[in-house]
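Colleague: Please find one structure pasted underneath; my questions will follow.
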Amino acid sequence: MIGVDSLIASAETDAAAWDESGLPVEVIEAAAKAGVLGLDRSTDYGGLGLTAVELGSVAERLGAVCTSLRSLLTIQGLVNASVDRWGTPEQRAQWLPALTTGERLAGFAATETGAGSDLASVSTTFEPHGSDHRISGRKLWVTFGEVADVLLVLGRSPAGLMTALVETNSPGVSVDPIHGQLGMRGARLAHIGLDEVVVPADHLIAPPGFGLSHVVSTALDHGRYTIAWGCVGMSRACLGDVVAHAATRVQGSTVLSEHDGVRAIVGRSWVDAAGARALCERAAEQRDAHKPTAIFATVAAKFAASQVAASVSQHAVQVLGAAGCASDSRVGRFFRDAKVMQIIEGATEVAELQLGDYVLGGGAR
């Protein structure tokens, strides 16, 4: 994929700058042209039709250079997956070509002040308004919300939790860009205000009551999968930077790599990264085989890969010392990003409980 190779080459030199100023529009457009926004969607809708294994490989490669660039793949992909799985034939025909080609940039608006890990507690309201619906609420930490054309919004109605595609140029939509957050600084995050936004009936995705259990669950599952692979890329990149630094840095009269402590860090980090990648490969195989266990395989992969990215990046900063703390340090940037990966699309603590219940219920064999 020549376009992806070009993106990676740009990220290798510019990712630190993007972390300061945000992913430029021209880079987003280049990603769309390279097919990154519709990698695993059907070619019938302008996608590339990649398998889960192939999708994971691209997410890993992008994750190794820039978390925000990989997040672009993730967010567009999870909205695409939700519309593809739960939209009507008419909705798929209307939205998927625009989303897969990048004609429309998407955001995922679920989180609120009182609804993070517990999305069932959302307070955003969907009220019937003739044949349409009127939406009011405030959504937080919307990745690419600053530049998105359309948002997949979760809220509640008298009939149950609902989702809808809300166009950001609609009256009543306000965008509050976020700067200086811990990680994913290049991902153009924003808080979104929804003040009695009128949404046509044909913008609702799935029936009332399906919003969280079906539509958002599909979105989160897809998101966890690409995040997991992105975290593997982060870990492997950090390990590579540690090895390169340790092989050349002289402390006193001793090369850093000759210290037992450094060699131990490198060995543990390699094993951890390899283990996380194996879980991602397992999830990929199960997804491509359409096995019902693929959901929990994905939870396990994301849990492990985000934990490993956090630990490997932390060790990398420690070994690189002052160089790891520099403003343009990749390991320092990934150290910040990795902490966010342990929170989004299912916090570590929630994943542990889910996996524990799965194992105790006899699901893991």
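By order in the structure tokens, chains are A, B, ...; within a chain, residues start at 1; ligands start at 1, following the order shown.
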What's around Ala273 in chain A at 10 Å? Count only C-alpha atoms, leave out sequence neighbours fewer than 6 positions away in its own chain, and write the answer as a PyMOL selection string.
Modeller: chain A and resi 231-236+239+304-305+307-309+311-312
Colleague: Which neighbours of Val142 in chain A fall inside 8 Å, counting only C-alpha atoms, when residues of the same chain fewer than 2 positions from it are skipped, and could you give them as a PyMOL selection string?
Modeller: chain A and resi 107-111+139-140+144-145+189-192
Colleague: Using only N, CA, C and O atoms, please write the residues we just selected to a file, as a compact mmCIF listing (two decimals), in the first residue's frame.
Modeller:
# COMPACT_ATOMS: atom_id res chain seq x y z
N GLY A 107 -16.98 11.26 13.69
CA GLY A 107 -16.60 11.25 15.09
C GLY A 107 -17.56 10.35 15.85
O GLY A 107 -18.67 10.06 15.37
N PHE A 108 -17.14 9.90 17.02
CA PHE A 108 -17.95 9.00 17.84
C PHE A 108 -18.26 9.72 19.15
O PHE A 108 -17.37 9.93 19.97
N ALA A 109 -19.51 10.12 19.33
CA ALA A 109 -19.90 10.96 20.47
C ALA A 109 -20.73 10.15 21.45
O ALA A 109 -21.96 10.07 21.33
N ALA A 110 -20.06 9.54 22.42
CA ALA A 110 -20.74 8.72 23.42
C ALA A 110 -20.49 9.23 24.84
O ALA A 110 -21.41 9.35 25.64
N THR A 111 -19.24 9.53 25.17
CA THR A 111 -18.85 9.88 26.53
C THR A 111 -19.47 11.19 27.01
O THR A 111 -19.57 12.15 26.24
N LYS A 139 -21.42 16.12 24.74
CA LYS A 139 -20.51 14.98 24.60
C LYS A 139 -19.07 15.44 24.78
O LYS A 139 -18.68 16.53 24.34
N LEU A 140 -18.28 14.58 25.43
CA LEU A 140 -16.91 14.93 25.78
C LEU A 140 -15.88 14.06 25.05
O LEU A 140 -16.16 12.92 24.69
N PHE A 144 -11.34 13.62 16.83
CA PHE A 144 -11.55 14.31 15.56
C PHE A 144 -12.87 15.08 15.53
O PHE A 144 -13.36 15.45 14.48
N GLY A 145 -13.41 15.35 16.74
CA GLY A 145 -14.63 16.14 16.82
C GLY A 145 -14.44 17.55 16.30
O GLY A 145 -15.40 18.19 15.83
N LEU A 189 -9.25 16.51 19.19
CA LEU A 189 -10.37 16.23 20.10
C LEU A 189 -11.20 17.48 20.36
O LEU A 189 -10.70 18.61 20.29
N ALA A 190 -12.48 17.27 20.68
CA ALA A 190 -13.37 18.38 21.00
C ALA A 190 -14.50 17.90 21.89
O ALA A 190 -14.86 16.72 21.88
N HIS A 191 -15.04 18.82 22.68
CA HIS A 191 -16.31 18.61 23.35
C HIS A 191 -17.40 19.12 22.41
O HIS A 191 -17.21 20.14 21.73
N ILE A 192 -18.52 18.43 22.39
CA ILE A 192 -19.60 18.77 21.45
C ILE A 192 -20.88 19.10 22.20
O ILE A 192 -21.35 18.31 23.03
Colleague: Choose the residue, out of A:Glu146, A:Ser71, A:Gly87, A:Ala59, that has the smallest atom-to-atom separation from His179 in chain A; count only C-alpha atoms.
Modeller: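 That would be A:Glu146, the residue with the smallest distance to His179 in chain A.
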Colleague: Skipping near chain neighbours, those fewer than 4 positions away, what residues fall within 9 Å of Gly363 in chain A using only C-alpha atoms, listed as an mmCIF file with N, CA, C and O atoms, in the first residue's frame?
Modeller:
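Result went into out_7.cif, see below:
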data_model
loop_
_atom_site.group_PDB
_atom_site.id
_atom_site.type_symbol
_atom_site.label_atom_id
_atom_site.label_comp_id
_atom_site.auth_asym_id
_atom_site.auth_seq_id
_atom_site.Cartn_x
_atom_site.Cartn_y
_atom_site.Cartn_z
ATOM 1 N N THR A 293 -16.501 -16.205 19.716
ATOM 2 C CA THR A 293 -15.497 -15.896 20.743
ATOM 3 C C THR A 293 -14.596 -14.724 20.344
ATOM 4 O O THR A 293 -13.760 -14.281 21.156
ATOM 5 N N PHE A 296 -14.479 -11.629 22.805
ATOM 6 C CA PHE A 296 -13.646 -11.705 23.993
ATOM 7 C C PHE A 296 -12.172 -11.811 23.635
ATOM 8 O O PHE A 296 -11.315 -11.345 24.392
ATOM 9 N N ASP A 357 -15.188 -12.876 34.201
ATOM 10 C CA ASP A 357 -16.502 -13.504 34.069
ATOM 11 C C ASP A 357 -16.526 -14.514 32.933
ATOM 12 O O ASP A 357 -17.130 -15.592 33.046
ATOM 13 N N TYR A 358 -15.847 -14.168 31.843
ATOM 14 C CA TYR A 358 -15.802 -15.050 30.669
ATOM 15 C C TYR A 358 -15.101 -16.365 31.013
ATOM 16 O O TYR A 358 -15.585 -17.458 30.690
ATOM 17 N N VAL A 359 -13.975 -16.257 31.696
ATOM 18 C CA VAL A 359 -13.222 -17.461 32.059
ATOM 19 C C VAL A 359 -13.991 -18.307 33.084
ATOM 20 O O VAL A 359 -14.100 -19.532 32.937
#
Colleague: Compare A:Asp84, A:Glu112, A:Glu29, A:Glu90 by their minimum atom-to-atom distance to Leu72 in chain A, counting only C-alpha atoms, and give me the closest one.
Modeller: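 Under the stated criterion, the closest residue is A:Glu29.
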Colleague: For CA of Asp149 in chain A and CA of Gly211 in chain A, quote the distance in Å rounded to one decimal.
Modeller: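 These atoms are spaced 20.6 Å apart.
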Colleague: Write down as a ChimeraX atom specification the residues belonging to range 37-208 of chain A that are assigned strand (DSSP E or B) by DSSP computed on the backbone.
Modeller: /A:106-109,112,115,125-129,132-142,150-157,160-167,173-177,190-199,204
Colleague: Excluding Gly102 in chain A and any residue of its chain fewer than 5 positions from it, enumerate the residues within 8 Å of it, using only C-alpha atoms, and give them as a PDB file with all heavy atoms, in the first residue's frame.
Modeller:
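Full text of around.pdb as output:
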ATOM      1  N   GLU A  29      -6.583  14.169   4.535  1.00  0.00           N
ATOM      2  CA  GLU A  29      -6.964  13.955   3.137  1.00  0.00           C
ATOM      3  C   GLU A  29      -6.068  12.913   2.476  1.00  0.00           C
ATOM      4  O   GLU A  29      -6.538  12.081   1.688  1.00  0.00           O
ATOM      5  CB  GLU A  29      -6.894  15.280   2.375  1.00  0.00           C
ATOM      6  CG  GLU A  29      -7.949  16.293   2.815  1.00  0.00           C
ATOM      7  CD  GLU A  29      -7.763  17.656   2.175  1.00  0.00           C
ATOM      8  OE1 GLU A  29      -6.655  17.896   1.612  1.00  0.00           O
ATOM      9  OE2 GLU A  29      -8.696  18.478   2.238  1.00  0.00           O
ATOM     10  N   ALA A  32      -7.206   9.544   3.622  1.00  0.00           N
ATOM     11  CA  ALA A  32      -8.411   9.146   2.893  1.00  0.00           C
ATOM     12  C   ALA A  32      -8.060   8.654   1.489  1.00  0.00           C
ATOM     13  O   ALA A  32      -8.564   7.612   1.034  1.00  0.00           O
ATOM     14  CB  ALA A  32      -9.374  10.327   2.810  1.00  0.00           C
ATOM     15  N   LYS A  33      -7.177   9.364   0.816  1.00  0.00           N
ATOM     16  CA  LYS A  33      -6.765   8.978  -0.539  1.00  0.00           C
ATOM     17  C   LYS A  33      -6.062   7.623  -0.537  1.00  0.00           C
ATOM     18  O   LYS A  33      -6.181   6.837  -1.489  1.00  0.00           O
ATOM     19  CB  LYS A  33      -5.850  10.050  -1.126  1.00  0.00           C
ATOM     20  CG  LYS A  33      -5.493   9.828  -2.584  1.00  0.00           C
ATOM     21  CD  LYS A  33      -4.678  10.990  -3.141  1.00  0.00           C
ATOM     22  CE  LYS A  33      -4.339  10.763  -4.604  1.00  0.00           C
ATOM     23  NZ  LYS A  33      -3.532  11.904  -5.154  1.00  0.00           N
ATOM     24  N   LEU A  37      -9.361   5.153   5.542  1.00  0.00           N
ATOM     25  CA  LEU A  37     -10.640   5.371   6.215  1.00  0.00           C
ATOM     26  C   LEU A  37     -11.673   4.288   5.926  1.00  0.00           C
ATOM     27  O   LEU A  37     -12.728   4.256   6.558  1.00  0.00           O
ATOM     28  CB  LEU A  37     -11.211   6.742   5.827  1.00  0.00           C
ATOM     29  CG  LEU A  37     -10.282   7.934   6.055  1.00  0.00           C
ATOM     30  CD1 LEU A  37     -11.027   9.236   5.821  1.00  0.00           C
ATOM     31  CD2 LEU A  37      -9.694   7.916   7.456  1.00  0.00           C
TER      32      LEU A  37
END
Colleague: Would you list the contacts of Pro89 in chain A as number ranges by chain, taking every protein, DNA or RNA residue within 12 Å and counting only C-alpha atoms, but skipping same-chain residues closer than 5 positions in sequence?
Modeller: A: 45, 83-84, 94-96, 202, 205-206
Colleague: Store the residues picked out above in a file with all heavy atoms, as a CSV table (one decimal), in the first residue's frame.
Modeller:
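Full text of out-v7.csv as output:
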chain,number,residue,atom,x,y,z
A,45,TYR,N,-18.7,-0.3,-1.5
A,45,TYR,CA,-18.9,1.0,-0.9
A,45,TYR,C,-17.7,1.9,-0.9
A,45,TYR,O,-17.6,2.9,-0.2
A,45,TYR,CB,-19.4,0.9,0.6
A,45,TYR,CG,-20.7,0.2,0.7
A,45,TYR,CD1,-20.8,-1.1,1.3
A,45,TYR,CD2,-21.9,0.7,0.1
A,45,TYR,CE1,-22.1,-1.7,1.5
A,45,TYR,CE2,-23.1,0.1,0.2
A,45,TYR,CZ,-23.2,-1.1,0.9
A,45,TYR,OH,-24.4,-1.7,1.0
A,83,VAL,N,-22.5,1.5,11.0
A,83,VAL,CA,-23.5,1.8,10.0
A,83,VAL,C,-23.7,0.6,9.1
A,83,VAL,O,-24.8,0.2,8.7
A,83,VAL,CB,-23.1,3.0,9.1
A,83,VAL,CG1,-24.1,3.2,8.0
A,83,VAL,CG2,-23.1,4.3,10.0
A,84,ASP,N,-22.5,-0.1,8.8
A,84,ASP,CA,-22.6,-1.2,7.9
A,84,ASP,C,-23.4,-2.4,8.5
A,84,ASP,O,-24.1,-3.1,7.9
A,84,ASP,CB,-21.1,-1.7,7.6
A,84,ASP,CG,-21.0,-2.6,6.4
A,84,ASP,OD1,-22.1,-2.8,5.7
A,84,ASP,OD2,-19.9,-2.9,6.0
A,94,GLN,N,-26.2,5.4,1.4
A,94,GLN,CA,-26.0,6.8,1.5
A,94,GLN,C,-24.7,7.2,2.2
A,94,GLN,O,-24.0,8.1,1.8
A,94,GLN,CB,-27.2,7.4,2.3
A,94,GLN,CG,-27.1,8.9,2.6
A,94,GLN,CD,-28.2,9.5,3.5
A,94,GLN,OE1,-29.1,8.8,3.9
A,94,GLN,NE2,-28.1,10.7,3.8
A,95,TRP,N,-24.4,6.5,3.3
A,95,TRP,CA,-23.3,6.9,4.2
A,95,TRP,C,-22.0,6.3,3.9
A,95,TRP,O,-20.9,6.9,4.0
A,95,TRP,CB,-23.7,6.7,5.6
A,95,TRP,CG,-24.8,7.7,6.1
A,95,TRP,CD1,-26.1,7.4,6.2
A,95,TRP,CD2,-24.6,9.1,6.4
A,95,TRP,NE1,-26.8,8.5,6.6
A,95,TRP,CE2,-25.9,9.6,6.8
A,95,TRP,CE3,-23.5,9.9,6.4
A,95,TRP,CZ2,-26.1,10.9,7.1
A,95,TRP,CZ3,-23.7,11.2,6.8
A,95,TRP,CH2,-25.0,11.7,7.1
A,96,LEU,N,-22.0,5.0,3.6
A,96,LEU,CA,-20.7,4.2,3.6
A,96,LEU,C,-19.8,4.7,2.5
A,96,LEU,O,-18.6,4.9,2.7
A,96,LEU,CB,-21.0,2.7,3.4
A,96,LEU,CG,-21.6,2.1,4.7
A,96,LEU,CD1,-21.7,0.6,4.4
A,96,LEU,CD2,-20.7,2.3,5.9
A,202,ASP,N,-34.4,9.3,9.1
A,202,ASP,CA,-33.5,8.4,8.3
A,202,ASP,C,-32.1,8.5,8.8
A,202,ASP,O,-31.2,7.8,8.3
A,202,ASP,CB,-33.6,8.6,6.8
A,202,ASP,CG,-33.2,10.0,6.4
A,202,ASP,OD1,-32.7,10.8,7.2
A,202,ASP,OD2,-33.3,10.3,5.2
A,205,ILE,N,-29.8,5.2,13.6
A,205,ILE,CA,-29.2,3.9,13.3
A,205,ILE,C,-29.8,2.9,14.2
A,205,ILE,O,-29.5,2.9,15.4
A,205,ILE,CB,-27.7,4.0,13.4
A,205,ILE,CG1,-27.1,5.1,12.5
A,205,ILE,CG2,-27.1,2.6,13.0
A,205,ILE,CD1,-27.4,4.9,11.0
A,206,ALA,N,-30.5,1.9,13.7
A,206,ALA,CA,-31.1,0.8,14.5
A,206,ALA,C,-32.3,1.3,15.3
A,206,ALA,O,-32.5,2.5,15.5
A,206,ALA,CB,-30.1,0.1,15.4
Colleague: Which residues come within 12 Å of Ala278 in chain A, counting only C-alpha atoms, excluding same-chain residues fewer than 4 positions away, as a ChimeraX atom specification?
Modeller: /A:53,56,228-229,232,271-274,282-285,297-298,300-302,304-305
